[in-house]
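**Student:** Input: one structure, supplied below.
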Amino acid sequence: MNRASAAVEALADAPHEADFIAEDGIRLRWYRWGEPGAAVPVVLHHGFAANSNSNWQATGIVDRLRRAGRSVISLDARGHGRSDTPHDTERYGEARMARDLIALVDHLGLPSFDLF
């Protein structure tokens with residue numbers, strides 16, 4: 001593959017990036033690879049001290065899922081990646097982050113998805 005076709009291929013699978021506002025006003029960044037509705041998406045949620053890029057994209061996991069025909073959605077959790085970082089510790093925690101993920105799925109209107 002030459003450099004021009006490699007660049008076109010990379011652009012074709014660059015993620016769609018957007019923000020949504022969580023119920024407590026925090027801006028959260030999410031990413032989608034692939035067309036909405038093309039396949040049941042895989043929703044990825046990264047671990048502590050990571051983000052969508054370092055946990056899923058840079059490791060090649062997004063590429064592997066895309067080659068398998070899956071669309072992929074990922075969320076930068078609050079305080080991570082390109083999402084807002086609240087300074088109040090009460091605005092974090094497992095339950096809060098689970099609600100953020102549910103809010104994203106509702107925001108996108110996903111009727112079904114696989115979660116990883």
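By convention in this document, the chains of the structure tokens carry letters A, B, ... by their order, each chain's residues are numbered from 1, and ligands are numbered from 1 in the order they are shown.
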For Asp63 (chain A), find every residue with an atom within 10 Å (counting only C-alpha atoms), except residues of its own chain fewer than 5 positions away, and show them as a ChimeraX atom specification.
**Tutor:** /A:13,33,56-58,68-70,72
**Student:** Tell me, as an MDAnalysis selection string, which residues lie within 12 Å of Ala98 (chain A), counting only C-alpha atoms; anything in the same chain fewer than 6 positions away does not count.
**Tutor:** chainID A and resid 22 45:46 75 77:78 92 104:105 115
**Student:** Could you write those residues out with C-alpha atoms, as an mmCIF file, in the first residue's frame?
**Tutor:**
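Once written, again.cif looks like this:
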```
data_model
loop_
_atom_site.group_PDB
_atom_site.id
_atom_site.type_symbol
_atom_site.label_atom_id
_atom_site.label_comp_id
_atom_site.auth_asym_id
_atom_site.auth_seq_id
_atom_site.Cartn_x
_atom_site.Cartn_y
_atom_site.Cartn_z
ATOM 1 C CA ALA A 22 -24.165 14.046 31.750
ATOM 2 C CA HIS A 45 -15.335 1.350 28.577
ATOM 3 C CA HIS A 46 -11.705 1.873 29.562
ATOM 4 C CA LEU A 75 -16.477 6.840 26.079
ATOM 5 C CA ALA A 77 -14.860 8.540 31.404
ATOM 6 C CA ARG A 78 -15.137 11.701 33.483
ATOM 7 C CA TYR A 92 -16.726 10.181 40.649
ATOM 8 C CA LEU A 104 -24.436 7.523 26.537
ATOM 9 C CA VAL A 105 -26.292 4.411 25.351
ATOM 10 C CA LEU A 115 -20.353 -4.196 26.327
#
```
**Student:** Do you know which residues are at most 10 Å from Asp84 (chain A) counting only C-alpha atoms, after dropping those on the same chain fewer than 6 positions away, and could you put them as a list of chain:residue names?
**Tutor:** A:Ile21, A:Gly25, A:Ile26, A:Arg27, A:Leu28, A:Arg29, A:Asp76, A:Ala77, A:Arg78
**Student:** What does the distance from CA of Asn51 (chain A) to CA of Gly81 (chain A) come to in Å, to one decimal?
**Tutor:**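 CA of Asn51 (chain A) sits 5.0 Å away from CA of Gly81 (chain A).
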**Student:** Interatomic distance between CA of His16 (chain A) and CA of Ala50 (chain A)?
**Tutor:**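 Separation between CA of His16 (chain A) and CA of Ala50 (chain A): 19.5 Å.
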**Student:** Name the closest residue to Leu108 (chain A) among the candidates A:Ile61, A:Glu23, A:Tyr31, A:Asp88; distances are taken between atoms, counting only C-alpha atoms.
**Tutor:**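 For Leu108 (chain A), the nearest of the given residues is A:Tyr31.
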**Student:** Choose the residue, out of A:Met97, A:Ile102, A:Ala49, A:Ala38, that has the smallest atom-to-atom separation from Ser71 (chain A); count only C-alpha atoms.
**Tutor:**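 That would be A:Ala38, the residue with the smallest distance to Ser71 (chain A).
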**Student:** With only C-alpha atoms as the atoms that count, which of A:Arg91, A:Ser52, A:Ala39, A:Ala18 lies nearest to Leu110 (chain A)?
**Tutor:** A:Ala39
**Student:** Please run DSSP on the backbone and report, as a PyMOL selection string, all residues within region 8-95 of chain A that come out as helix (DSSP H, G or I).
**Tutor:** chain A and resi 8-12+52-57+61-67+89-91+94-95
